[in-house]
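Student: Sharing data.cif (mmCIF, C-alpha atoms and all ligand atoms) below.
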data_structure
#
loop_
_atom_site.label_atom_id
_atom_site.label_comp_id
_atom_site.auth_asym_id
_atom_site.auth_seq_id
_atom_site.Cartn_x
_atom_site.Cartn_y
_atom_site.Cartn_z
CA MET A 1 35.39 -40.58 -96.36
CA LYS A 2 34.19 -43.82 -94.81
CA LYS A 3 31.04 -45.37 -96.24
CA ILE A 4 28.04 -45.32 -93.90
CA THR A 5 27.27 -48.93 -93.23
CA THR A 6 25.30 -49.09 -90.00
CA SER A 7 21.90 -50.19 -91.28
CA ARG A 8 23.33 -52.29 -94.06
CA ASP A 9 25.63 -54.06 -91.60
CA LEU A 10 23.05 -54.59 -88.94
CA ALA A 11 19.76 -55.04 -90.76
CA ILE A 12 19.05 -58.47 -92.11
CA ASN A 13 16.92 -58.28 -95.25
CA GLY A 14 15.68 -54.88 -94.19
CA ALA A 15 14.62 -56.08 -90.73
CA GLU A 16 15.48 -53.91 -87.75
CA PRO A 17 18.65 -55.16 -86.05
CA ALA A 18 18.43 -56.69 -82.59
CA PHE A 19 18.30 -54.21 -79.73
CA GLU A 20 21.81 -55.20 -78.58
CA GLN A 21 23.22 -54.32 -82.00
CA GLN A 22 21.76 -50.83 -82.07
CA LEU A 23 23.71 -47.91 -80.64
CA HIS A 24 21.78 -46.41 -77.73
CA VAL A 25 22.13 -43.47 -75.41
CA GLY A 26 21.83 -44.95 -71.94
CA ARG A 27 23.31 -48.45 -72.33
CA PRO A 28 24.21 -49.41 -68.76
CA ASN A 29 27.82 -49.32 -67.53
CA MET A 30 28.37 -52.63 -65.79
CA GLY A 31 31.14 -54.01 -63.59
CA SER A 32 32.24 -57.60 -63.03
CA ARG A 33 29.58 -60.30 -63.52
CA GLU A 34 31.54 -62.72 -61.30
CA ALA A 35 31.79 -60.23 -58.44
CA PHE A 36 28.05 -59.57 -58.71
CA ILE A 37 27.21 -63.29 -58.58
CA HIS A 38 29.42 -63.59 -55.53
CA TYR A 39 27.36 -60.89 -53.79
CA VAL A 40 24.13 -62.60 -54.86
CA ASN A 41 25.29 -65.83 -53.23
CA ASP A 42 26.01 -63.91 -50.03
CA ILE A 43 22.54 -62.38 -50.14
CA PHE A 44 20.97 -65.85 -50.51
CA ASP A 45 23.05 -67.15 -47.58
CA ARG A 46 22.10 -64.25 -45.34
CA ARG A 47 18.42 -64.05 -46.39
CA TRP A 48 18.60 -60.33 -45.78
CA LEU A 49 17.08 -58.60 -48.78
CA SER A 50 16.10 -55.07 -47.82
CA ASN A 51 15.58 -52.68 -44.85
CA ASN A 52 19.03 -51.17 -44.42
CA GLY A 53 20.99 -54.38 -44.98
CA PRO A 54 24.77 -54.72 -44.76
CA LEU A 55 25.40 -54.12 -48.47
CA VAL A 56 23.32 -50.92 -48.45
CA GLN A 57 25.29 -49.70 -45.45
CA GLU A 58 28.59 -50.55 -47.11
CA LEU A 59 27.56 -48.78 -50.31
CA GLU A 60 26.47 -45.70 -48.37
CA SER A 61 29.75 -45.43 -46.55
CA ARG A 62 31.78 -45.94 -49.74
CA ILE A 63 29.79 -43.31 -51.65
CA ALA A 64 30.06 -40.82 -48.78
CA SER A 65 33.82 -41.23 -48.66
CA HIS A 66 34.15 -41.13 -52.46
CA ILE A 67 32.43 -37.75 -52.50
CA GLY A 68 33.81 -36.53 -49.19
CA VAL A 69 30.50 -35.90 -47.39
CA ARG A 70 29.36 -36.96 -43.92
CA HIS A 71 26.20 -38.79 -45.03
CA CYS A 72 24.87 -40.81 -47.92
CA VAL A 73 21.26 -41.95 -47.52
CA ALA A 74 20.58 -44.58 -50.20
CA MET A 75 17.10 -44.68 -51.73
CA SER A 76 15.03 -46.78 -54.12
CA ASN A 77 15.50 -44.26 -56.96
CA GLY A 78 16.48 -40.66 -57.64
CA THR A 79 12.89 -39.40 -57.86
CA VAL A 80 11.97 -40.68 -54.40
CA ALA A 81 15.27 -39.29 -53.13
CA LEU A 82 14.27 -35.87 -54.52
CA GLU A 83 10.81 -36.11 -52.93
CA ILE A 84 12.21 -37.05 -49.54
CA ALA A 85 14.89 -34.33 -49.64
CA ILE A 86 12.31 -31.70 -50.63
CA ARG A 87 10.01 -32.72 -47.78
CA ALA A 88 12.81 -33.07 -45.23
CA LEU A 89 13.92 -29.52 -46.03
CA GLY A 90 10.39 -28.26 -45.46
CA MET A 91 9.98 -26.80 -48.94
CA ALA A 92 6.40 -25.67 -49.66
CA GLY A 93 4.41 -23.24 -51.80
CA GLU A 94 6.64 -22.54 -54.80
CA VAL A 95 10.12 -23.81 -55.59
CA ILE A 96 12.24 -22.49 -58.45
CA VAL A 97 13.71 -25.06 -60.84
CA PRO A 98 14.96 -25.12 -64.40
CA SER A 99 12.56 -26.37 -67.06
CA PHE A 100 15.52 -27.74 -69.01
CA THR A 101 15.91 -30.93 -66.96
CA PHE A 102 14.44 -34.42 -66.77
CA ILE A 103 10.77 -34.30 -65.81
CA ALA A 104 11.47 -35.89 -62.40
CA THR A 105 12.92 -32.63 -61.04
CA ALA A 106 9.55 -30.92 -61.54
CA HIS A 107 7.41 -33.96 -60.71
CA ALA A 108 9.08 -34.43 -57.33
CA LEU A 109 7.62 -31.05 -56.36
CA HIS A 110 4.25 -31.28 -58.10
CA TRP A 111 3.66 -34.75 -56.61
CA GLN A 112 3.80 -33.13 -53.18
CA ALA A 113 1.49 -30.21 -54.07
CA ILE A 114 4.41 -27.79 -54.38
CA THR A 115 4.41 -25.61 -57.49
CA PRO A 116 7.55 -25.88 -59.61
CA VAL A 117 8.26 -22.40 -60.95
CA PHE A 118 10.49 -22.54 -63.99
CA ALA A 119 13.34 -20.06 -64.35
CA ASP A 120 15.36 -19.63 -67.52
CA ILE A 121 18.84 -21.02 -68.13
CA ASP A 122 22.11 -19.60 -69.32
CA PRO A 123 22.24 -20.61 -73.00
CA VAL A 124 25.96 -21.37 -72.85
CA THR A 125 26.12 -23.51 -69.72
CA HIS A 126 22.50 -24.86 -69.87
CA HIS A 127 22.24 -24.18 -66.10
CA LEU A 128 19.79 -22.07 -64.09
CA ASP A 129 20.65 -18.41 -64.47
CA PRO A 130 20.73 -16.86 -60.95
CA ALA A 131 19.41 -13.53 -62.36
CA ALA A 132 16.42 -15.36 -63.88
CA VAL A 133 15.85 -17.16 -60.58
CA ARG A 134 15.74 -13.82 -58.80
CA ARG A 135 13.03 -12.62 -61.18
CA MET A 136 10.77 -15.58 -60.35
CA ILE A 137 10.78 -15.13 -56.57
CA THR A 138 7.38 -14.40 -54.97
CA PRO A 139 6.19 -14.33 -51.35
CA ARG A 140 5.31 -18.05 -51.77
CA THR A 141 8.81 -19.12 -52.82
CA SER A 142 10.45 -21.44 -50.30
CA GLY A 143 13.40 -22.86 -52.19
CA ILE A 144 15.57 -23.39 -55.24
CA ILE A 145 16.63 -26.66 -56.81
CA GLY A 146 19.68 -26.28 -59.05
CA VAL A 147 20.47 -29.09 -61.50
CA HIS A 148 24.05 -30.05 -62.37
CA LEU A 149 22.94 -30.87 -65.90
CA TRP A 150 25.15 -33.22 -67.94
CA GLY A 151 27.37 -33.59 -64.82
CA ARG A 152 28.73 -30.06 -65.21
CA GLY A 153 28.51 -27.92 -62.08
CA ALA A 154 25.59 -25.47 -61.77
CA PRO A 155 26.41 -21.89 -60.65
CA VAL A 156 26.50 -22.84 -56.98
CA ALA A 157 27.84 -19.53 -55.65
CA GLY A 158 25.31 -17.41 -57.57
CA LEU A 159 22.37 -19.57 -56.48
CA GLN A 160 23.63 -19.60 -52.89
CA GLU A 161 23.73 -15.81 -52.92
CA VAL A 162 20.12 -15.54 -54.13
CA ALA A 163 19.00 -18.16 -51.59
CA GLU A 164 20.67 -16.38 -48.71
CA GLU A 165 19.38 -12.97 -49.77
CA HIS A 166 15.77 -14.24 -49.74
CA GLY A 167 15.96 -16.82 -46.94
CA LEU A 168 15.34 -19.75 -49.33
CA LYS A 169 16.36 -23.39 -49.03
CA LEU A 170 18.83 -24.51 -51.67
CA MET A 171 19.40 -28.08 -52.80
CA PHE A 172 20.75 -29.67 -55.97
CA ASP A 173 19.58 -32.35 -58.33
CA ALA A 174 22.92 -34.05 -58.97
CA ALA A 175 21.39 -37.02 -60.82
CA HIS A 176 23.97 -36.64 -63.61
CA ALA A 177 26.92 -35.62 -61.50
CA PHE A 178 28.19 -38.54 -59.46
CA GLY A 179 31.99 -38.46 -59.61
CA CYS A 180 32.11 -34.86 -60.87
CA SER A 181 33.58 -31.73 -59.31
CA HIS A 182 32.74 -28.03 -59.42
CA ASN A 183 35.52 -25.48 -58.81
CA GLY A 184 37.66 -28.36 -57.61
CA GLN A 185 35.16 -29.53 -54.98
CA MET A 186 33.27 -32.79 -55.41
CA ILE A 187 29.61 -32.34 -56.28
CA GLY A 188 27.55 -33.76 -53.42
CA GLY A 189 28.60 -31.31 -50.73
CA PHE A 190 26.83 -28.18 -52.05
CA GLY A 191 23.61 -26.62 -50.74
CA ALA A 192 21.65 -28.23 -47.92
CA CYS A 193 21.85 -31.57 -49.73
CA GLU A 194 22.29 -33.08 -53.18
CA VAL A 195 20.39 -35.88 -54.88
CA LEU A 196 22.02 -38.59 -56.97
CA SER A 197 20.37 -41.02 -59.37
CA PHE A 198 21.73 -44.52 -59.83
CA HIS A 199 19.28 -45.45 -62.60
CA ALA A 200 20.41 -48.05 -65.15
CA THR A 201 21.20 -45.33 -67.69
CA LYS A 202 23.38 -43.28 -65.37
CA PHE A 203 27.18 -43.13 -65.15
CA PHE A 204 26.95 -45.31 -62.04
CA ASN A 205 23.95 -47.59 -61.54
CA THR A 206 22.34 -49.85 -58.99
CA PHE A 207 19.70 -51.09 -61.54
CA GLU A 208 17.31 -48.53 -60.00
CA GLY A 209 18.49 -46.42 -57.11
CA GLY A 210 19.49 -43.05 -55.82
CA ALA A 211 20.73 -41.26 -52.74
CA VAL A 212 20.72 -37.99 -50.89
CA VAL A 213 24.15 -36.83 -49.78
CA THR A 214 24.64 -34.13 -47.18
CA ASN A 215 26.90 -32.81 -44.44
CA ASP A 216 23.90 -32.02 -42.23
CA ASP A 217 23.57 -34.65 -39.44
CA GLU A 218 20.02 -33.72 -38.49
CA LEU A 219 18.77 -33.68 -42.08
CA ALA A 220 20.35 -37.08 -42.78
CA GLU A 221 18.70 -38.55 -39.69
CA LYS A 222 15.32 -37.18 -40.73
CA MET A 223 15.66 -38.62 -44.25
CA ARG A 224 16.64 -42.03 -42.85
CA LEU A 225 13.40 -42.02 -40.87
CA MET A 226 11.35 -40.79 -43.84
CA ARG A 227 12.61 -43.48 -46.23
CA ASN A 228 11.46 -46.17 -43.75
CA PHE A 229 7.91 -45.01 -42.87
CA GLY A 230 9.24 -42.97 -39.93
CA PHE A 231 10.01 -46.08 -37.89
CA ILE A 232 12.37 -45.96 -34.96
CA GLY A 233 12.71 -49.40 -33.43
CA LEU A 234 10.16 -52.15 -34.01
CA ASP A 235 6.84 -50.63 -33.00
CA ASN A 236 7.35 -46.90 -32.91
CA VAL A 237 6.71 -44.42 -35.73
CA ILE A 238 7.91 -40.92 -34.90
CA HIS A 239 7.72 -39.24 -38.31
CA PRO A 240 5.54 -39.30 -41.44
CA GLY A 241 7.33 -41.32 -44.05
CA THR A 242 7.26 -43.44 -47.17
CA ASN A 243 9.06 -46.45 -48.57
CA GLY A 244 12.26 -45.21 -50.19
CA LYS A 245 14.53 -48.10 -49.25
CA MET A 246 17.23 -49.51 -51.48
CA THR A 247 17.40 -53.31 -51.76
CA GLU A 248 20.47 -55.46 -51.15
CA ILE A 249 20.55 -56.59 -54.76
CA SER A 250 20.74 -52.96 -55.90
CA ALA A 251 23.49 -52.25 -53.39
CA ALA A 252 25.40 -55.29 -54.67
CA MET A 253 25.26 -53.89 -58.19
CA GLY A 254 26.47 -50.57 -56.82
CA LEU A 255 29.43 -52.13 -55.02
CA VAL A 256 30.42 -53.97 -58.19
CA ASN A 257 30.03 -50.87 -60.33
CA LEU A 258 32.06 -48.73 -57.94
CA GLU A 259 35.04 -50.92 -58.83
CA ALA A 260 34.51 -50.14 -62.51
CA LEU A 261 34.17 -46.36 -62.18
CA ASP A 262 37.66 -45.47 -63.36
CA SER A 263 37.39 -47.63 -66.46
CA VAL A 264 33.99 -46.13 -67.32
CA VAL A 265 35.34 -42.58 -67.00
CA GLU A 266 38.30 -43.56 -69.18
CA ALA A 267 36.03 -45.01 -71.89
CA ASN A 268 33.61 -42.06 -71.73
CA ARG A 269 36.46 -39.58 -71.94
CA ARG A 270 38.01 -41.38 -74.88
CA ASN A 271 34.63 -41.41 -76.66
CA TYR A 272 34.05 -37.72 -75.96
CA GLU A 273 37.49 -36.82 -77.37
CA THR A 274 36.87 -39.01 -80.42
CA TYR A 275 33.55 -37.25 -81.04
CA LEU A 276 35.26 -33.85 -80.61
CA ARG A 277 37.84 -34.81 -83.20
CA MET A 278 35.46 -36.43 -85.66
CA LEU A 279 32.81 -33.71 -85.53
CA ALA A 280 35.23 -30.79 -85.66
CA GLY A 281 34.61 -28.11 -88.26
CA LEU A 282 30.97 -28.88 -89.03
CA PRO A 283 29.05 -25.62 -89.51
CA GLY A 284 26.67 -24.79 -86.65
CA ILE A 285 27.54 -27.93 -84.69
CA ARG A 286 29.33 -27.98 -81.37
CA VAL A 287 30.03 -30.75 -78.88
CA LEU A 288 29.30 -29.30 -75.43
CA PRO A 289 32.70 -29.04 -73.75
CA TYR A 290 33.75 -30.46 -70.40
CA ASP A 291 36.22 -28.43 -68.33
CA ASP A 292 39.31 -30.61 -68.07
CA ARG A 293 40.36 -28.93 -64.81
CA GLU A 294 37.35 -30.55 -63.16
CA ARG A 295 36.58 -34.20 -62.47
CA ASN A 296 34.00 -35.26 -65.06
CA ASN A 297 32.21 -38.52 -65.71
CA TYR A 298 31.73 -37.62 -69.41
CA GLN A 299 28.47 -39.60 -69.38
CA TYR A 300 26.65 -37.27 -71.77
CA VAL A 301 27.95 -36.38 -75.21
CA VAL A 302 25.78 -33.39 -76.04
CA LEU A 303 25.63 -31.92 -79.52
CA GLU A 304 24.34 -28.39 -79.97
CA VAL A 305 22.83 -27.68 -83.37
CA ALA A 306 22.70 -23.94 -83.98
CA GLU A 307 20.81 -22.00 -86.65
CA ALA A 308 24.01 -21.77 -88.67
CA CYS A 309 23.78 -25.52 -89.28
CA PRO A 310 22.33 -26.30 -92.73
CA GLN A 311 20.28 -29.14 -91.18
CA THR A 312 17.83 -29.06 -88.31
CA ARG A 313 18.28 -30.94 -85.07
CA ASP A 314 15.27 -33.10 -85.98
CA ALA A 315 16.75 -34.00 -89.36
CA ILE A 316 19.95 -35.11 -87.63
CA ILE A 317 18.01 -37.25 -85.13
CA GLU A 318 15.99 -38.75 -87.96
CA ALA A 319 19.10 -39.63 -89.96
CA LEU A 320 20.71 -41.24 -86.91
CA HIS A 321 17.59 -43.25 -86.07
CA ALA A 322 17.42 -44.44 -89.67
CA GLU A 323 20.91 -45.85 -89.14
CA ASN A 324 19.86 -47.50 -85.85
CA VAL A 325 21.64 -44.97 -83.70
CA ARG A 326 19.23 -44.16 -80.87
CA ALA A 327 20.33 -40.60 -80.20
CA ARG A 328 18.03 -38.58 -77.91
CA LYS A 329 16.56 -35.08 -77.72
CA TYR A 330 17.12 -34.74 -73.95
CA PHE A 331 15.40 -32.66 -72.48
CA TRP A 332 13.08 -31.51 -75.23
CA PRO A 333 10.63 -29.77 -75.18
CA GLY A 334 11.37 -28.63 -71.60
CA CYS A 335 9.21 -29.51 -68.59
CA HIS A 336 7.05 -26.40 -69.08
CA ARG A 337 5.79 -27.79 -72.40
CA MET A 338 4.75 -31.16 -70.94
CA LYS A 339 1.02 -31.38 -70.25
CA PRO A 340 0.94 -31.15 -66.44
CA TYR A 341 2.99 -27.94 -66.51
CA ARG A 342 1.60 -26.55 -69.75
CA ASP A 343 -1.81 -26.71 -68.05
CA LEU A 344 -0.41 -24.84 -65.04
CA PHE A 345 1.60 -22.24 -66.95
CA PRO A 346 0.37 -21.97 -70.55
CA HIS A 347 2.54 -18.91 -71.24
CA ALA A 348 5.73 -19.99 -69.44
CA GLY A 349 7.59 -20.09 -72.76
CA LEU A 350 7.57 -16.29 -72.86
CA MET A 351 9.91 -16.23 -69.85
CA LEU A 352 11.94 -19.24 -70.99
CA THR A 353 13.38 -18.13 -74.30
CA ASN A 354 16.86 -19.58 -73.68
CA THR A 355 15.36 -22.85 -72.48
CA GLU A 356 13.29 -23.17 -75.64
CA ARG A 357 16.18 -22.30 -77.95
CA VAL A 358 18.58 -24.73 -76.25
CA ALA A 359 16.00 -27.55 -75.97
CA ASN A 360 15.25 -27.25 -79.71
CA GLY A 361 18.88 -27.76 -80.67
CA ILE A 362 20.15 -30.71 -78.60
CA VAL A 363 21.17 -34.18 -79.71
CA VAL A 364 22.57 -36.54 -77.07
CA LEU A 365 24.83 -39.18 -78.61
CA PRO A 366 25.60 -42.72 -77.43
CA THR A 367 28.72 -43.30 -75.33
CA GLY A 368 30.03 -45.75 -72.71
CA PRO A 369 32.45 -48.68 -72.67
CA THR A 370 30.41 -50.64 -75.24
CA LEU A 371 31.18 -48.05 -77.92
CA ASP A 372 34.38 -48.11 -79.96
CA GLU A 373 36.07 -45.73 -82.36
CA VAL A 374 34.54 -47.47 -85.39
CA ALA A 375 31.01 -46.97 -84.06
CA ILE A 376 31.73 -43.33 -83.28
CA GLY A 377 33.19 -42.94 -86.77
CA THR A 378 29.95 -44.25 -88.25
CA ILE A 379 27.83 -41.92 -86.12
CA ALA A 380 30.04 -38.96 -87.05
CA ASP A 381 29.80 -39.91 -90.72
CA VAL A 382 26.00 -39.97 -90.63
CA ILE A 383 26.03 -36.44 -89.22
CA ARG A 384 28.79 -35.18 -91.52
CA VAL A 385 27.23 -36.55 -94.70
CA LEU A 386 23.85 -35.03 -93.81
CA VAL A 387 25.22 -31.64 -92.79
CA GLU A 388 27.54 -31.36 -95.79
CA SER A 389 25.02 -32.65 -98.35
N1 LIG A 401 16.86 -35.72 -62.22
C1 LIG A 401 17.47 -35.80 -63.41
C2 LIG A 401 18.19 -34.59 -63.92
C3 LIG A 401 17.45 -36.99 -64.14
O1 LIG A 401 18.06 -37.06 -65.36
C4 LIG A 401 16.76 -38.11 -63.62
C5 LIG A 401 16.69 -39.34 -64.38
C6 LIG A 401 16.15 -37.98 -62.36
C7 LIG A 401 16.21 -36.76 -61.69
C8 LIG A 401 15.39 -39.10 -61.72
O2 LIG A 401 16.19 -40.18 -61.31
P1 LIG A 401 15.57 -41.69 -61.30
O3 LIG A 401 14.29 -41.64 -60.53
O4 LIG A 401 15.37 -42.11 -62.72
O5 LIG A 401 16.64 -42.47 -60.59
C9 LIG A 401 16.03 -42.09 -68.60
C10 LIG A 401 15.98 -42.62 -67.19
O6 LIG A 401 14.86 -43.43 -66.94
C11 LIG A 401 16.08 -41.57 -66.15
O7 LIG A 401 16.57 -42.21 -64.98
C12 LIG A 401 17.06 -40.47 -66.51
N2 LIG A 401 17.05 -39.37 -65.61
C13 LIG A 401 16.77 -39.94 -67.90
C14 LIG A 401 17.76 -38.92 -68.33
O8 LIG A 401 16.83 -40.99 -68.83
P2 LIG A 401 14.32 -42.37 -70.55
O9 LIG A 401 12.86 -42.30 -70.57
O10 LIG A 401 15.09 -41.63 -71.55
O11 LIG A 401 14.80 -43.91 -70.50
P3 LIG A 401 14.69 -45.02 -71.62
O12 LIG A 401 13.90 -46.14 -71.04
O13 LIG A 401 14.24 -44.44 -72.90
O14 LIG A 401 16.19 -45.52 -71.73
C15 LIG A 401 17.16 -44.80 -72.45
C16 LIG A 401 17.98 -45.74 -73.32
O15 LIG A 401 18.77 -46.54 -72.49
C17 LIG A 401 17.15 -46.67 -74.19
O16 LIG A 401 17.31 -46.30 -75.54
C18 LIG A 401 17.78 -48.04 -74.01
C19 LIG A 401 18.83 -47.88 -72.95
N3 LIG A 401 18.64 -48.80 -71.82
C20 LIG A 401 17.76 -48.43 -70.83
C21 LIG A 401 17.59 -49.27 -69.76
C22 LIG A 401 16.62 -48.90 -68.66
C23 LIG A 401 19.33 -49.98 -71.80
O17 LIG A 401 20.08 -50.31 -72.72
N4 LIG A 401 19.18 -50.80 -70.69
C24 LIG A 401 18.34 -50.49 -69.67
O18 LIG A 401 18.24 -51.25 -68.69
O19 LIG A 401 14.73 -41.88 -69.08
#
As a first step, turn the structure in this file into structure tokens.
Ligand code: T4K

Tutor:
Amino acid sequence: MKKITTSRDLAINGAEPAFEQQLHVGRPNMGSREAFIHYVNDIFDRRWLSNNGPLVQELESRIASHIGVRHCVAMSNGTVALEIAIRALGMAGEVIVPSFTFIATAHALHWQAITPVFADIDPVTHHLDPAAVRRMITPRTSGIIGVHLWGRGAPVAGLQEVAEEHGLKLMFDAAHAFGCSHNGQMIGGFGACEVLSFHATKFFNTFEGGAVVTNDDELAEKMRLMRNFGFIGLDNVIHPGTNGKMTEISAAMGLVNLEALDSVVEANRRNYETYLRMLAGLPGIRVLPYDDRERNNYQYVVLEVAEACPQTRDAIIEALHAENVRARKYFWPGCHRMKPYRDLFPHAGLMLTNTERVANGIVVLPTGPTLDEVAIGTIADVIRVLVES
């Protein structure tokens, strides 16, 4: 077996290695520097920096055609995109969401005085369980937000059925799922609309950014108004709104990164397969699988640590951090255990047993084009040595 050398290689006299030398979950995927600088020069020449500029429009049309939807409405980030979509759909009262997601899914509701009601997940897929959603419906429920966690498709048909049965709005948080498909159809076209995040740590980034994609002409028009204070023309405001606009510099980054998508998927897929191979056979440890019949971006390498594993999830995280591998516990402990929601629902855990079990056993590992087989070998060795010790 290979010797574990990460800290010894990187630390100088015991000092922590430079940030760039550590292995992080979330290192940005970046396209051509030269192409980006070219766009920046154009932006300087035009002196058009924001407010639906030409690069934003180009990015929107390229994303819409990449996914195969009628509309892409670019926004300043995924959270604002969620807030605008929720408001444009007229959600109110209570909305059912998973607790096993990034906090923004819940905050986007709470921020607008809508109560996020957490339903439990399927422990195998990590997605909202439609039967659990059904159990949480009350007379105040107005909608459901499914999350395509890790870029793997949520149970769209099951959630659609519940929504139709109860007259609820259905939308998806597709922050992880740009470039992914579900049952052979690109994610982005499901529900009333879907929300993408283009944050620096995502498969595809625009520094900060996001978008709502939809096939609904009226909804898209409403969201375009809402992201620009409700302005139509120079002096006329016809709708309540906010500032959700994407800048030209962000769009430039997006256009550059679109060109690099295939190479990022290739690197992520290679890394995922290397992890599968190198972590095979460890007791109680499983790399969450991607369905190869679908289009995947392979952006998250998710390790599940079951009770059968001789080491705890926290011990594995600790060992990795000690070797300067910044693995993460996404999305521990679940939104319902974060203060704003714990205050609202102190006993939510009783209904969220799968969520709690899954959240307590997850380790997300670094991936992306900056990682090579040697680095993955070192990460795998840290885990193997600990688990087999
Ligand atoms: N819905 C879901 C399901 C989401 O996952 C998210 C965002 C949203 C909605 C909301 O979308 P946005 O409003 O963010 O567009 C990160 C991101 O901030 C967040 O965007 C993302 N989900 C979440 C999963 O991860 P943190 O708090 O873990 O980020 P942070 O600062 O710890 O960064 C992670 C690692 O990435 C660091 O170890 C270092 C590395 N990194 C990060 C940045 C920003 C870099 O190397 N370079 C960088 O520029 O939340």

Student: Give one line per residue of chain A that approaches ligand LIG 401 (chain A) to at most 7 Å, naming the two atoms of the closest pair and their distance in Å to one decimal, counting only C-alpha atoms and all ligand atoms; sort by chain then ascending residue number and deliver it as a Markdown table.

Tutor:
| residue | atom | partner | partner_atom | distance |
| --- | --- | --- | --- | --- |
| A:His24 | CA | A:LIG401 | O16 | 5.0 |
| A:Val25 | CA | A:LIG401 | C16 | 5.2 |
| A:Gly26 | CA | A:LIG401 | O15 | 3.5 |
| A:Arg27 | CA | A:LIG401 | O17 | 3.7 |
| A:Pro28 | CA | A:LIG401 | N4 | 5.6 |
| A:Asn77 | CA | A:LIG401 | O5 | 4.2 |
| A:Gly78 | CA | A:LIG401 | O5 | 3.5 |
| A:Thr79 | CA | A:LIG401 | O3 | 3.8 |
| A:Val80 | CA | A:LIG401 | O3 | 6.6 |
| A:Thr101 | CA | A:LIG401 | C2 | 5.3 |
| A:Phe102 | CA | A:LIG401 | O1 | 4.7 |
| A:Ala104 | CA | A:LIG401 | C7 | 4.9 |
| A:Thr105 | CA | A:LIG401 | N1 | 5.1 |
| A:Val147 | CA | A:LIG401 | C2 | 6.4 |
| A:Leu149 | CA | A:LIG401 | C2 | 6.3 |
| A:Asp173 | CA | A:LIG401 | N1 | 5.8 |
| A:Ala174 | CA | A:LIG401 | C2 | 6.9 |
| A:Ala175 | CA | A:LIG401 | C1 | 4.9 |
| A:His176 | CA | A:LIG401 | C2 | 6.1 |
| A:Ser197 | CA | A:LIG401 | O5 | 4.2 |
| A:Phe198 | CA | A:LIG401 | O5 | 5.5 |
| A:His199 | CA | A:LIG401 | O5 | 4.5 |
| A:Ala200 | CA | A:LIG401 | C22 | 5.2 |
| A:Thr201 | CA | A:LIG401 | O15 | 5.5 |
| A:Lys202 | CA | A:LIG401 | O7 | 6.9 |
| A:Glu208 | CA | A:LIG401 | O5 | 6.1 |
| A:Gly209 | CA | A:LIG401 | O5 | 5.6 |
| A:Gly210 | CA | A:LIG401 | O5 | 5.6 |
| A:Arg326 | CA | A:LIG401 | O16 | 6.1 |

Student: Give the answer as one residue: which of A:Lys245, A:Arg70, A:Arg357, A:Arg384 has the shortest atom-to-atom distance to A:Phe229, using all atoms listed in the file?

Tutor: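 Among the listed residues, the smallest separation from A:Phe229 belongs to A:Lys245.
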
Student: Using only C-alpha atoms, which residues sit within 9 Å of A:Ala74 once same-chain residues fewer than 3 positions away are excluded, as a list of chain:residue names?

Tutor: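 Those residues are A:Asn52, A:Val56, A:Gln57, A:Leu59, A:Glu60, A:Asn77, A:Ala81, A:Gly209, A:Gly210, A:Ala211, A:Val212, A:Val213, A:Arg224, A:Arg227, A:Gly244, A:Lys245, A:Met246, A:Ala251.
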
Student: Measuring atom to atom with only C-alpha atoms, identify which of A:Glu388, A:Glu294, A:Glu273, A:Glu323 is nearest to A:Glu373.

Tutor: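 Distance minimum relative to A:Glu373 lands on A:Glu273.
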
Student: State, in Å with one decimal place, the distance from atom CA of A:Asn243 to atom CA of A:Asn51.

Tutor: 9.8 Å

Student: Under the rule that all atoms listed in the file are counted, which of A:Ala308, A:His107, A:Val237, A:Glu266 is the nearest residue to A:Leu225?

Tutor: A:Val237

Student: Just checking: using only C-alpha atoms, which residue out of A:Val264, A:Val364, A:Ile232, A:Ile144 ends up closest to A:Cys193?

Tutor: A:Ile144

Student: Which residue gives the smallest distance to A:Gly31 among A:Met75, A:Leu261, A:Ile316, A:Gly377, with only C-alpha atoms counted?

Tutor: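 Under the stated criterion, the closest residue is A:Leu261.
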
Student: Excluding A:Gln185 and any residue of its chain fewer than 2 positions from it, enumerate the residues within 12 Å of it, using all atoms listed in the file, and give them as a list of chain:residue names.

Tutor: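 The residues that qualify are A:His66, A:Ile67, A:Gly68, A:Val69, A:Gly153, A:Val156, A:Gly179, A:Cys180, A:Ser181, A:His182, A:Asn183, A:Ile187, A:Gly188, A:Gly189, A:Phe190, A:Arg293, A:Glu294, A:Arg295, A:Asn296.
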
Student: Could you check which of A:Trp111, A:Phe118, A:Tyr39, A:Phe44 is closest to A:Leu350, using all atoms listed in the file?

Tutor: A:Phe118

Student: Take the point (17.3, -36.1, -75.5) as written in the file and pick out every residue within 7 Å of it, counting only C-alpha atoms; give the list as a CSV table (one decimal) with C-alpha atoms, in the frame of the given file.

Tutor:
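Contents of the output file result20.csv:
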chain,number,residue,atom,x,y,z
A,328,ARG,CA,18.0,-38.6,-77.9
A,329,LYS,CA,16.6,-35.1,-77.7
A,330,TYR,CA,17.1,-34.7,-74.0
A,331,PHE,CA,15.4,-32.7,-72.5
A,332,TRP,CA,13.1,-31.5,-75.2
A,362,ILE,CA,20.2,-30.7,-78.6
A,363,VAL,CA,21.2,-34.2,-79.7
A,364,VAL,CA,22.6,-36.5,-77.1

Student: Mind giving me the axis-aligned box for stretch 81-92 of chain A with 6 Å on every side, centre plus edges in Å to one decimal, as JSON?

Tutor:
{"center_x": 10.8, "center_y": -32.5, "center_z": -49.9, "size_x": 20.9, "size_y": 25.6, "size_z": 21.3}

Student: Just the number, please: distance in Å from atom CA of A:Met223 to atom CA of A:Trp150, one decimal.

Tutor: 26.1 Å
